Amino acid sequence: MKNWNSTKSFLQKNWLCLLLAAASLMLACCAVSLKLKLNGTERIVGTYNTVQEPGPQNGNGTYLVFQQDQSYCVYRQGEGPLEEGVYQKTEEIVTLDHDGELRDLVYDKTTGRVYDLHDGTSTIYNRMSDTPLFINMEAGSKAANQ
């Protein structure tokens, strides 16, 4: 009986500290979970390049860049942009808007690949960096100057 009284006394004196400790622990778990989600493959921002294998899906070394400000750019090294616009991501569908022309891509968050299936062809983009990169991009494009 004596142990229960001392425990009860401790809880009465320190309930606020215990409550704050539990809330801090829950908040820390939520922050870690959010950080992992943003840094994982679910986060689409970054640079993707086409699969470097023979066949029509190779896209001739094409790069696809998604930026944090919801803009995107498709380009090839040493050339200007092939396409620029804005994007919107919902689950695994990424809708590109190029001057009012909409096109849907499929984003596979488990592999980090983007599939472009328009015009009867399929182009596969592999994630190469979590950072938007413009490699040997000609100056003058909106994307390269950001």
# chains A, B, ... in the order shown; residues from 1 in each chain; ligands from 1
>>> select_by_dssp(residues="range 43-92 of chain A", states="strand (DSSP E or B)", output="list in words")
Gly46, Thr47, Tyr48, Asn49, Thr50, Thr62, Tyr63, Leu64, Val65, Phe66, Ser71, Tyr72, Cys73, Val74, Tyr75, Arg76, Pro81, Leu82, Glu83, Glu84, Gly85, Val86, Tyr87, Gln88, Lys89 and Thr90 of chain A
>>> residues_around(residues="range 75-84 of chain A", least_positions_apart="6", cutoff="7 Å", atoms="only C-alpha atoms", output="CSV table (one decimal) with C-alpha atoms, in the first residue's frame")
chain,number,residue,atom,x,y,z
A,61,GLY,CA,19.4,10.8,-73.3
A,62,THR,CA,16.5,13.0,-72.3
A,63,TYR,CA,16.3,14.5,-68.8
A,64,LEU,CA,13.1,15.4,-66.9
A,98,HIS,CA,2.7,22.9,-71.2
A,135,ILE,CA,23.6,19.4,-67.1
A,136,ASN,CA,25.2,21.2,-70.0
A,137,MET,CA,22.0,23.2,-70.5
A,138,GLU,CA,22.1,26.1,-72.9
A,141,SER,CA,15.8,28.9,-70.7
>>> residues_around(residues="Leu117 in chain A", least_positions_apart="3", cutoff="10 Å", atoms="only C-alpha atoms", output="PyMOL selection string")
chain A and resi 57+103-106+114+120-124
>>> closest_residue(among="A:Gly112, A:Gly100, A:Gly85, A:Gly46", to="Asn126 in chain A", atoms="only C-alpha atoms")
A:Gly112
>>> atom_distance(atom1="CA of Ala28 in chain A", atom2="CA of Thr7 in chain A")
27.2 Å
>>> select_by_dssp(residues="range 5-139 of chain A", states="alpha helix (DSSP H)", output="ChimeraX atom specification")
/A:5-39
>>> atom_distance(atom1="CA of Lys8 in chain A", atom2="CA of Met26 in chain A")
24.3 Å
